[in-house]
Amino acid sequence: MTHAAGRLAFSKAIDIALKEVRKNREEGVVKLIDLMEKYMSGEKLDVDYDKAREMIRDKDCTLNKYINRIIDEIDPHVLKTTALNLGYEAFFYGTRTIRSMREVHACNIPWLILMDPTSACNLHCTGCWAAEYGSRLNLSFEEMDNVIVQGKELGIYFYMFTGGEPLVRKDDIIRLCEKHHDCAFLAYTNGTLVDEALCDKMQRVGNLYLAISLEGFAGINDLRRGEGVFERVMKAMELLKRHGLVFGTSICYTSKNIETVTSDEFIDLLVDNGSRYALYFHYMPVGNDTDVSLLPTMQQREYMYTKVREIRNMQHGKGLFTMDFQNDGEFVGGCIAGGRNYFHINANGDAEPCVFIHYSGANIRENTLLECLKQPLFMAYRDNQPFNDNHLRPCPMLENPEILQRMVKETGAKSTDLQSPESVEHLCAKCHEYAREWAPHAEKLWNKSIHMEHAYENYKPERCKKDEKIS
């Protein structure tokens, strides 16, 4: 079956399932699970289809209620487009193609690409790593379009935008959504530029989602982001929910706000206002003038390890899908950067391994996408991943700083910060004490946990053979 024919067949199957939803909601959703199992038959995935069906049929289960809210509240066109683009293209077709391309090209091929349309922002948040780039850099529409065209040839159908504030370029983002109507897009945004006109356009294209930055209630959030920002975010959420759009939050947790952003009251606020997911990011000491006092304490990080799992529990949690990109390493096999599952293109076109690792040896204005993925720094990531067999110590900067320092030095990668370049020695020096302190805590948590063995390990083949039981 051709790619286009597969999409058409899947589209018709979704129509049938959604029609079934109107008659028998649970069984209609179960049919979508059946479709997924049939289409991905033979593909190595960590999915328990029977457990998913059981939870969907249980009316007291959080997953059942979560899906019901989505069906009730999300615009039908947005819902179907999400199933097609995020489901069929990115997950089904994309997963198969990307895995094949990793073997063909012998390098990391990511599942998603993160791009900065601009370094400009309408806010000036304290401690924002993006502010290190300055405010005058931009990727043109043509440059972003070219990245997506090349990416789709490799099976990449999911693209994220950050900045700066990406919605400064919302017209170009909508144009990309229109042209690449088979892709899924997500923008990390401060939410202050969301208005009725944007919501109308998002509803029309159906393939743009938002992750709105929020660091707590008004007092804490506005202390960092500026007076009145919290109220504007609440207004943005109200507009997005009313238009039946998919959105969630992006939350940077620090030593100052960690209890607030995981409190029952805060999670209830997100769920009640239509948020479907919360993406938690550990504060990173990036930049020459960073405030290391904002790094969570060891006790706070242990708390996050447990708390995020409680929040996202789809048996009896509150109905908010959560991810913690530092403490959920065991579910994705460690660090996902360097093109393993994602990489970052800044507003100057530099291809960086991670949104927090501002070093590069390739630029999309001079190199093809494959050349960026095969640059020495990315190949060093591939050669060394996983950076630690304990996936609660996944990062080559925060938990294994000696590795990042060695990789940058050996590959000749340069700082991409045009305003205040930070040497890798300076960056990693801020992490050595943290890494040393966290190691025994990570070992304690790791040793008392039951770890899943992944059906598919996305590492360099030689690493997989050497460490067959990595989990």
# chains A, B, ... in the order shown; residues from 1 in each chain; ligands from 1
>>> select_by_dssp(residues="region 80-308 of chain A", states="helix (DSSP H, G or I)", output="ChimeraX atom specification")
/A:80-105,129-133,141-153,166-179,196-205,218-225,229-242,260-262,264-272,292-294,298-308
>>> residues_around(residues="Cys372 (chain A)", least_positions_apart="6", cutoff="10 Å", atoms="only C-alpha atoms", output="PyMOL selection string")
chain A and resi 338-339+343+345+350-353+360-364+366+378-379
>>> write_last_selection(atoms="N, CA and C atoms", output="short mmCIF file (atom, residue, chain, number, x, y, z; two decimals), in the first residue's frame")
data_model
loop_
_atom_site.label_atom_id
_atom_site.label_comp_id
_atom_site.auth_asym_id
_atom_site.auth_seq_id
_atom_site.Cartn_x
_atom_site.Cartn_y
_atom_site.Cartn_z
N GLY A 338 20.59 14.92 20.45
CA GLY A 338 21.58 14.58 19.44
C GLY A 338 20.97 13.86 18.26
N GLY A 339 19.65 14.04 18.07
CA GLY A 339 18.97 13.38 16.97
C GLY A 339 18.46 11.99 17.30
N PHE A 343 16.27 16.93 17.98
CA PHE A 343 17.35 17.89 18.09
C PHE A 343 16.78 19.28 17.86
N ILE A 345 17.09 23.30 16.27
CA ILE A 345 17.65 24.26 15.31
C ILE A 345 17.34 25.65 15.85
N ASP A 350 21.69 27.08 13.53
CA ASP A 350 22.62 26.09 14.07
C ASP A 350 21.87 24.84 14.54
N ALA A 351 22.36 23.68 14.14
CA ALA A 351 21.76 22.41 14.56
C ALA A 351 22.43 21.96 15.85
N GLU A 352 21.72 22.11 16.96
CA GLU A 352 22.25 21.78 18.28
C GLU A 352 21.69 20.45 18.75
N PRO A 353 22.44 19.70 19.55
CA PRO A 353 21.93 18.40 20.01
C PRO A 353 20.71 18.51 20.89
N SER A 360 27.49 23.42 18.43
CA SER A 360 27.14 22.84 17.14
C SER A 360 28.33 22.87 16.19
N GLY A 361 28.25 21.98 15.18
CA GLY A 361 29.25 21.98 14.12
C GLY A 361 28.58 21.96 12.76
N ALA A 362 27.29 22.34 12.70
CA ALA A 362 26.56 22.33 11.43
C ALA A 362 25.44 23.35 11.49
N ASN A 363 25.06 23.84 10.32
CA ASN A 363 24.02 24.87 10.22
C ASN A 363 23.16 24.57 9.00
N ILE A 364 21.83 24.70 9.14
CA ILE A 364 20.94 24.34 8.04
C ILE A 364 21.12 25.26 6.82
N GLU A 366 23.97 25.94 5.60
CA GLU A 366 25.16 25.44 4.90
C GLU A 366 25.12 23.93 4.69
N PHE A 378 26.91 15.19 16.85
CA PHE A 378 25.76 14.29 16.89
C PHE A 378 26.21 12.83 16.82
N MET A 379 27.24 12.56 16.03
CA MET A 379 27.75 11.19 15.95
C MET A 379 28.38 10.78 17.28
#
>>> residues_around(residues="Leu208 (chain A)", least_positions_apart="4", cutoff="7 Å", atoms="only C-alpha atoms", output="ChimeraX atom specification")
/A:177,184-186,202
>>> select_by_dssp(residues="region 98-330 of chain A", states="strand (DSSP E or B)", output="PyMOL selection string")
chain A and resi 112-115+118+138+158-161+184-189+208-213+247-253+277-282+321-324
>>> residues_around(residues="Phe281 (chain A)", least_positions_apart="6", cutoff="7 Å", atoms="only C-alpha atoms", output="list in words")
Ile251, Cys252, Tyr253, Asp324 and Phe325 of chain A
>>> closest_atom_pairs(of="region 322-380 of chain A", to="region 290-303 of chain A", cutoff="12 Å", atoms="only C-alpha atoms", output="CSV")
residue,atom,partner,partner_atom,distance
A:Asp324,CA,A:Arg301,CA,10.7
A:Gln326,CA,A:Arg301,CA,9.4
A:Asn327,CA,A:Arg301,CA,8.3
A:Asp328,CA,A:Arg301,CA,11.9
>>> residues_around(residues="His3 (chain A)", least_positions_apart="2", cutoff="12 Å", atoms="only C-alpha atoms", output="VMD selection string")
chain A and resid 1 5 to 10 88 to 89 92 to 94 96 to 97 152 to 153 155 182
>>> write_last_selection(atoms="all heavy atoms", output="short mmCIF file (atom, residue, chain, number, x, y, z; two decimals), in the first residue's frame")
data_model
loop_
_atom_site.label_atom_id
_atom_site.label_comp_id
_atom_site.auth_asym_id
_atom_site.auth_seq_id
_atom_site.Cartn_x
_atom_site.Cartn_y
_atom_site.Cartn_z
N MET A 1 0.83 -1.19 0.00
CA MET A 1 0.00 0.00 0.00
C MET A 1 0.87 1.25 0.00
O MET A 1 1.83 1.34 0.76
CB MET A 1 -0.92 0.00 1.23
CG MET A 1 -1.92 1.16 1.25
SD MET A 1 -2.95 1.14 2.73
CE MET A 1 -3.92 -0.34 2.45
N ALA A 5 -2.31 6.03 -0.04
CA ALA A 5 -3.42 5.08 0.09
C ALA A 5 -3.60 4.65 1.54
O ALA A 5 -4.72 4.48 2.02
CB ALA A 5 -3.17 3.87 -0.80
N GLY A 6 -2.48 4.50 2.24
CA GLY A 6 -2.55 4.13 3.65
C GLY A 6 -3.22 5.22 4.48
O GLY A 6 -4.03 4.93 5.35
N ARG A 7 -2.90 6.48 4.17
CA ARG A 7 -3.52 7.59 4.89
C ARG A 7 -5.02 7.62 4.62
O ARG A 7 -5.83 7.84 5.53
CB ARG A 7 -2.87 8.91 4.49
CG ARG A 7 -3.48 10.13 5.21
CD ARG A 7 -2.83 11.44 4.74
NE ARG A 7 -3.54 12.60 5.28
CZ ARG A 7 -3.22 13.23 6.41
NH1 ARG A 7 -2.19 12.80 7.14
NH2 ARG A 7 -3.91 14.28 6.82
N LEU A 8 -5.41 7.41 3.36
CA LEU A 8 -6.82 7.42 3.00
C LEU A 8 -7.57 6.30 3.70
O LEU A 8 -8.67 6.51 4.25
CB LEU A 8 -6.98 7.29 1.48
CG LEU A 8 -8.41 7.29 0.95
CD1 LEU A 8 -9.13 8.59 1.31
CD2 LEU A 8 -8.42 7.08 -0.57
N ALA A 9 -6.99 5.12 3.72
CA ALA A 9 -7.63 3.98 4.39
C ALA A 9 -7.77 4.24 5.89
O ALA A 9 -8.79 3.94 6.50
CB ALA A 9 -6.82 2.71 4.15
N PHE A 10 -6.71 4.83 6.47
CA PHE A 10 -6.75 5.13 7.89
C PHE A 10 -7.80 6.20 8.18
O PHE A 10 -8.51 6.14 9.19
CB PHE A 10 -5.37 5.60 8.36
CG PHE A 10 -5.17 5.55 9.84
CD1 PHE A 10 -4.83 4.37 10.48
CD2 PHE A 10 -5.33 6.69 10.62
CE1 PHE A 10 -4.65 4.32 11.86
CE2 PHE A 10 -5.15 6.65 11.99
CZ PHE A 10 -4.81 5.46 12.61
N TYR A 88 -1.48 8.51 12.55
CA TYR A 88 -1.03 7.77 11.37
C TYR A 88 0.35 8.22 10.88
O TYR A 88 1.26 7.40 10.72
CB TYR A 88 -2.04 7.91 10.22
CG TYR A 88 -1.55 7.26 8.94
CD1 TYR A 88 -1.55 5.87 8.83
CD2 TYR A 88 -1.05 8.01 7.89
CE1 TYR A 88 -1.07 5.25 7.68
CE2 TYR A 88 -0.56 7.40 6.75
CZ TYR A 88 -0.57 6.02 6.63
OH TYR A 88 -0.08 5.42 5.51
N GLU A 89 0.52 9.52 10.63
CA GLU A 89 1.77 10.00 10.01
C GLU A 89 2.96 9.90 10.96
O GLU A 89 3.97 9.28 10.65
CB GLU A 89 1.60 11.44 9.53
CG GLU A 89 0.52 11.64 8.49
CD GLU A 89 0.86 11.03 7.13
OE1 GLU A 89 1.95 10.44 6.98
OE2 GLU A 89 0.01 11.14 6.21
N PHE A 92 2.53 6.01 13.30
CA PHE A 92 2.50 4.77 12.52
C PHE A 92 3.51 4.79 11.36
O PHE A 92 4.51 4.10 11.38
CB PHE A 92 1.09 4.52 11.98
CG PHE A 92 0.05 4.28 13.04
CD1 PHE A 92 -1.28 4.31 12.73
CD2 PHE A 92 0.42 4.04 14.36
CE1 PHE A 92 -2.26 4.10 13.70
CE2 PHE A 92 -0.54 3.82 15.34
CZ PHE A 92 -1.88 3.86 15.00
N TYR A 93 3.24 5.60 10.36
CA TYR A 93 4.11 5.65 9.19
C TYR A 93 5.50 6.17 9.57
O TYR A 93 6.53 5.63 9.13
CB TYR A 93 3.49 6.54 8.11
CG TYR A 93 4.38 6.69 6.89
CD1 TYR A 93 4.43 5.69 5.93
CD2 TYR A 93 5.16 7.83 6.72
CE1 TYR A 93 5.25 5.82 4.82
CE2 TYR A 93 5.98 7.97 5.62
CZ TYR A 93 6.02 6.96 4.65
OH TYR A 93 6.85 7.10 3.56
N GLY A 94 5.53 7.22 10.40
CA GLY A 94 6.81 7.81 10.78
C GLY A 94 7.71 6.84 11.52
O GLY A 94 8.90 6.74 11.23
N ARG A 96 7.85 3.54 11.49
CA ARG A 96 8.39 2.54 10.58
C ARG A 96 9.50 3.13 9.70
O ARG A 96 10.56 2.52 9.52
CB ARG A 96 7.28 1.98 9.68
CG ARG A 96 6.26 1.11 10.39
CD ARG A 96 5.17 0.68 9.41
NE ARG A 96 4.16 -0.16 10.04
CZ ARG A 96 4.23 -1.48 10.13
NH1 ARG A 96 5.30 -2.10 9.66
NH2 ARG A 96 3.26 -2.17 10.71
N THR A 97 9.24 4.29 9.14
CA THR A 97 10.19 4.90 8.20
C THR A 97 11.46 5.33 8.91
O THR A 97 12.57 5.08 8.42
CB THR A 97 9.55 6.12 7.51
OG1 THR A 97 8.32 5.72 6.91
CG2 THR A 97 10.47 6.69 6.45
N LYS A 152 10.45 15.04 6.19
CA LYS A 152 9.41 14.08 5.79
C LYS A 152 10.01 12.95 4.94
O LYS A 152 9.53 11.81 5.00
CB LYS A 152 8.29 14.79 5.04
CG LYS A 152 7.36 15.53 6.00
CD LYS A 152 6.48 16.59 5.42
CE LYS A 152 5.76 16.30 4.17
NZ LYS A 152 4.75 17.32 3.83
N GLU A 153 11.06 13.23 4.21
CA GLU A 153 11.71 12.17 3.43
C GLU A 153 12.36 11.13 4.34
O GLU A 153 12.57 9.98 3.93
CB GLU A 153 12.77 12.78 2.51
CG GLU A 153 12.19 13.64 1.39
CD GLU A 153 13.26 14.29 0.54
OE1 GLU A 153 14.47 14.12 0.87
OE2 GLU A 153 12.91 14.97 -0.44
N GLY A 155 10.92 10.43 7.31
CA GLY A 155 9.84 9.90 8.13
C GLY A 155 9.47 10.77 9.31
O GLY A 155 8.73 10.33 10.20
N ASP A 182 -0.12 17.34 6.46
CA ASP A 182 0.01 15.96 6.94
C ASP A 182 0.90 15.86 8.18
O ASP A 182 1.10 14.77 8.70
CB ASP A 182 0.57 15.05 5.84
CG ASP A 182 1.85 15.60 5.19
OD1 ASP A 182 2.22 16.76 5.48
OD2 ASP A 182 2.45 14.88 4.38
#
>>> residues_around(residues="region 110-117 of chain A", least_positions_apart="5", cutoff="6 Å", atoms="only C-alpha atoms", output="PyMOL selection string")
chain A and resi 138-139+156+158-163+166+339-347
>>> closest_residue(among="A:Glu425, A:Asp268, A:Glu437, A:Glu43", to="Arg99 (chain A)", atoms="only C-alpha atoms")
A:Glu43
>>> closest_residue(among="A:Asn257, A:Thr192, A:Ser263, A:Ser275", to="Ile311 (chain A)", atoms="only C-alpha atoms")
A:Ser263
>>> residues_around(residues="Lys179 (chain A)", least_positions_apart="4", cutoff="10 Å", atoms="only C-alpha atoms", output="count of residues only")
6
>>> closest_residue(among="A:Asn390, A:Gln203, A:Asn288, A:Ser255", to="Leu239 (chain A)", atoms="only C-alpha atoms")
A:Gln203
>>> closest_residue(among="A:Leu154, A:Met144, A:Met323, A:Val78", to="Lys201 (chain A)", atoms="only C-alpha atoms")
A:Val78
>>> closest_residue(among="A:Leu176, A:Asn68, A:Gly206, A:Arg232", to="Glu142 (chain A)", atoms="only C-alpha atoms")
A:Leu176
>>> closest_residue(among="A:Asn367, A:Thr416, A:Asn458, A:Thr411", to="Asn146 (chain A)", atoms="only C-alpha atoms")
A:Asn367
>>> decode(residues="region 435-463 of chain A", atoms="N, CA, C and O atoms", output="PDB file, in the first residue's frame")
ATOM      1  N   ALA A 435      25.880  16.696  39.916  1.00  0.00           N
ATOM      2  CA  ALA A 435      25.962  15.308  39.442  1.00  0.00           C
ATOM      3  C   ALA A 435      26.455  14.385  40.553  1.00  0.00           C
ATOM      4  O   ALA A 435      25.943  13.267  40.726  1.00  0.00           O
ATOM      5  N   ARG A 436      27.456  14.843  41.301  1.00  0.00           N
ATOM      6  CA  ARG A 436      28.007  14.029  42.388  1.00  0.00           C
ATOM      7  C   ARG A 436      26.957  13.793  43.476  1.00  0.00           C
ATOM      8  O   ARG A 436      26.824  12.676  43.994  1.00  0.00           O
ATOM      9  N   GLU A 437      26.205  14.839  43.820  1.00  0.00           N
ATOM     10  CA  GLU A 437      25.194  14.711  44.863  1.00  0.00           C
ATOM     11  C   GLU A 437      24.022  13.846  44.421  1.00  0.00           C
ATOM     12  O   GLU A 437      23.451  13.095  45.223  1.00  0.00           O
ATOM     13  N   TRP A 438      23.629  13.951  43.144  1.00  0.00           N
ATOM     14  CA  TRP A 438      22.453  13.223  42.676  1.00  0.00           C
ATOM     15  C   TRP A 438      22.724  11.734  42.492  1.00  0.00           C
ATOM     16  O   TRP A 438      21.816  10.903  42.636  1.00  0.00           O
ATOM     17  N   ALA A 439      23.962  11.352  42.204  1.00  0.00           N
ATOM     18  CA  ALA A 439      24.280   9.958  41.875  1.00  0.00           C
ATOM     19  C   ALA A 439      23.753   8.950  42.904  1.00  0.00           C
ATOM     20  O   ALA A 439      23.066   7.984  42.530  1.00  0.00           O
ATOM     21  N   PRO A 440      24.011   9.097  44.195  1.00  0.00           N
ATOM     22  CA  PRO A 440      23.504   8.085  45.149  1.00  0.00           C
ATOM     23  C   PRO A 440      21.979   8.092  45.264  1.00  0.00           C
ATOM     24  O   PRO A 440      21.375   7.031  45.493  1.00  0.00           O
ATOM     25  N   HIS A 441      21.358   9.244  45.112  1.00  0.00           N
ATOM     26  CA  HIS A 441      19.890   9.306  45.147  1.00  0.00           C
ATOM     27  C   HIS A 441      19.317   8.560  43.940  1.00  0.00           C
ATOM     28  O   HIS A 441      18.336   7.821  44.066  1.00  0.00           O
ATOM     29  N   ALA A 442      19.937   8.779  42.767  1.00  0.00           N
ATOM     30  CA  ALA A 442      19.482   8.104  41.549  1.00  0.00           C
ATOM     31  C   ALA A 442      19.653   6.593  41.666  1.00  0.00           C
ATOM     32  O   ALA A 442      18.787   5.821  41.236  1.00  0.00           O
ATOM     33  N   GLU A 443      20.762   6.175  42.264  1.00  0.00           N
ATOM     34  CA  GLU A 443      21.009   4.741  42.425  1.00  0.00           C
ATOM     35  C   GLU A 443      19.966   4.117  43.342  1.00  0.00           C
ATOM     36  O   GLU A 443      19.471   3.020  43.079  1.00  0.00           O
ATOM     37  N   LYS A 444      19.629   4.816  44.425  1.00  0.00           N
ATOM     38  CA  LYS A 444      18.623   4.307  45.364  1.00  0.00           C
ATOM     39  C   LYS A 444      17.280   4.130  44.675  1.00  0.00           C
ATOM     40  O   LYS A 444      16.632   3.078  44.790  1.00  0.00           O
ATOM     41  N   LEU A 445      16.842   5.151  43.924  1.00  0.00           N
ATOM     42  CA  LEU A 445      15.568   5.079  43.213  1.00  0.00           C
ATOM     43  C   LEU A 445      15.597   4.002  42.143  1.00  0.00           C
ATOM     44  O   LEU A 445      14.624   3.256  41.953  1.00  0.00           O
ATOM     45  N   TRP A 446      16.698   3.919  41.425  1.00  0.00           N
ATOM     46  CA  TRP A 446      16.834   2.968  40.321  1.00  0.00           C
ATOM     47  C   TRP A 446      16.796   1.527  40.823  1.00  0.00           C
ATOM     48  O   TRP A 446      16.130   0.670  40.247  1.00  0.00           O
ATOM     49  N   ASN A 447      17.495   1.290  41.906  1.00  0.00           N
ATOM     50  CA  ASN A 447      17.614  -0.081  42.413  1.00  0.00           C
ATOM     51  C   ASN A 447      16.324  -0.610  43.023  1.00  0.00           C
ATOM     52  O   ASN A 447      16.113  -1.823  43.083  1.00  0.00           O
ATOM     53  N   LYS A 448      15.448   0.293  43.478  1.00  0.00           N
ATOM     54  CA  LYS A 448      14.204  -0.178  44.089  1.00  0.00           C
ATOM     55  C   LYS A 448      13.041  -0.205  43.088  1.00  0.00           C
ATOM     56  O   LYS A 448      11.933  -0.588  43.451  1.00  0.00           O
ATOM     57  N   SER A 449      13.309   0.189  41.859  1.00  0.00           N
ATOM     58  CA  SER A 449      12.266   0.225  40.838  1.00  0.00           C
ATOM     59  C   SER A 449      12.323  -1.010  39.950  1.00  0.00           C
ATOM     60  O   SER A 449      13.378  -1.625  39.784  1.00  0.00           O
ATOM     61  N   ILE A 450      11.179  -1.360  39.394  1.00  0.00           N
ATOM     62  CA  ILE A 450      11.111  -2.431  38.394  1.00  0.00           C
ATOM     63  C   ILE A 450      11.180  -1.775  37.021  1.00  0.00           C
ATOM     64  O   ILE A 450      10.378  -0.902  36.690  1.00  0.00           O
ATOM     65  N   HIS A 451      12.168  -2.169  36.220  1.00  0.00           N
ATOM     66  CA  HIS A 451      12.394  -1.507  34.945  1.00  0.00           C
ATOM     67  C   HIS A 451      11.893  -2.354  33.784  1.00  0.00           C
ATOM     68  O   HIS A 451      12.095  -3.565  33.741  1.00  0.00           O
ATOM     69  N   MET A 452      11.240  -1.678  32.858  1.00  0.00           N
ATOM     70  CA  MET A 452      10.753  -2.371  31.671  1.00  0.00           C
ATOM     71  C   MET A 452      11.900  -2.611  30.703  1.00  0.00           C
ATOM     72  O   MET A 452      12.816  -1.795  30.584  1.00  0.00           O
ATOM     73  N   GLU A 453      11.865  -3.754  30.026  1.00  0.00           N
ATOM     74  CA  GLU A 453      12.802  -4.012  28.940  1.00  0.00           C
ATOM     75  C   GLU A 453      12.119  -3.588  27.650  1.00  0.00           C
ATOM     76  O   GLU A 453      11.074  -4.112  27.291  1.00  0.00           O
ATOM     77  N   HIS A 454      12.718  -2.635  26.964  1.00  0.00           N
ATOM     78  CA  HIS A 454      12.088  -2.078  25.777  1.00  0.00           C
ATOM     79  C   HIS A 454      12.155  -3.047  24.602  1.00  0.00           C
ATOM     80  O   HIS A 454      13.165  -3.708  24.373  1.00  0.00           O
ATOM     81  N   ALA A 455      11.049  -3.111  23.863  1.00  0.00           N
ATOM     82  CA  ALA A 455      10.998  -3.986  22.690  1.00  0.00           C
ATOM     83  C   ALA A 455      11.962  -3.513  21.605  1.00  0.00           C
ATOM     84  O   ALA A 455      12.493  -4.314  20.841  1.00  0.00           O
ATOM     85  N   TYR A 456      12.172  -2.200  21.543  1.00  0.00           N
ATOM     86  CA  TYR A 456      13.076  -1.616  20.538  1.00  0.00           C
ATOM     87  C   TYR A 456      13.990  -0.638  21.245  1.00  0.00           C
ATOM     88  O   TYR A 456      13.522   0.291  21.922  1.00  0.00           O
ATOM     89  N   GLU A 457      15.305  -0.842  21.148  1.00  0.00           N
ATOM     90  CA  GLU A 457      16.262   0.074  21.758  1.00  0.00           C
ATOM     91  C   GLU A 457      16.891   0.933  20.674  1.00  0.00           C
ATOM     92  O   GLU A 457      17.539   0.429  19.759  1.00  0.00           O
ATOM     93  N   ASN A 458      16.683   2.222  20.776  1.00  0.00           N
ATOM     94  CA  ASN A 458      17.188   3.142  19.768  1.00  0.00           C
ATOM     95  C   ASN A 458      18.586   3.620  20.133  1.00  0.00           C
ATOM     96  O   ASN A 458      18.797   4.749  20.570  1.00  0.00           O
ATOM     97  N   TYR A 459      19.554   2.720  19.977  1.00  0.00           N
ATOM     98  CA  TYR A 459      20.959   3.057  20.162  1.00  0.00           C
ATOM     99  C   TYR A 459      21.735   2.600  18.936  1.00  0.00           C
ATOM    100  O   TYR A 459      21.237   1.831  18.104  1.00  0.00           O
ATOM    101  N   LYS A 460      22.970   3.030  18.850  1.00  0.00           N
ATOM    102  CA  LYS A 460      23.871   2.525  17.819  1.00  0.00           C
ATOM    103  C   LYS A 460      23.914   1.000  17.935  1.00  0.00           C
ATOM    104  O   LYS A 460      23.998   0.465  19.049  1.00  0.00           O
ATOM    105  N   PRO A 461      23.809   0.269  16.824  1.00  0.00           N
ATOM    106  CA  PRO A 461      23.734  -1.202  16.901  1.00  0.00           C
ATOM    107  C   PRO A 461      24.797  -1.837  17.779  1.00  0.00           C
ATOM    108  O   PRO A 461      24.519  -2.772  18.531  1.00  0.00           O
ATOM    109  N   GLU A 462      26.027  -1.334  17.717  1.00  0.00           N
ATOM    110  CA  GLU A 462      27.092  -1.906  18.526  1.00  0.00           C
ATOM    111  C   GLU A 462      26.806  -1.750  20.014  1.00  0.00           C
ATOM    112  O   GLU A 462      27.120  -2.621  20.820  1.00  0.00           O
ATOM    113  N   ARG A 463      26.160  -0.642  20.386  1.00  0.00           N
ATOM    114  CA  ARG A 463      25.818  -0.411  21.787  1.00  0.00           C
ATOM    115  C   ARG A 463      24.711  -1.378  22.215  1.00  0.00           C
ATOM    116  O   ARG A 463      24.705  -1.878  23.333  1.00  0.00           O
TER     117      ARG A 463
END
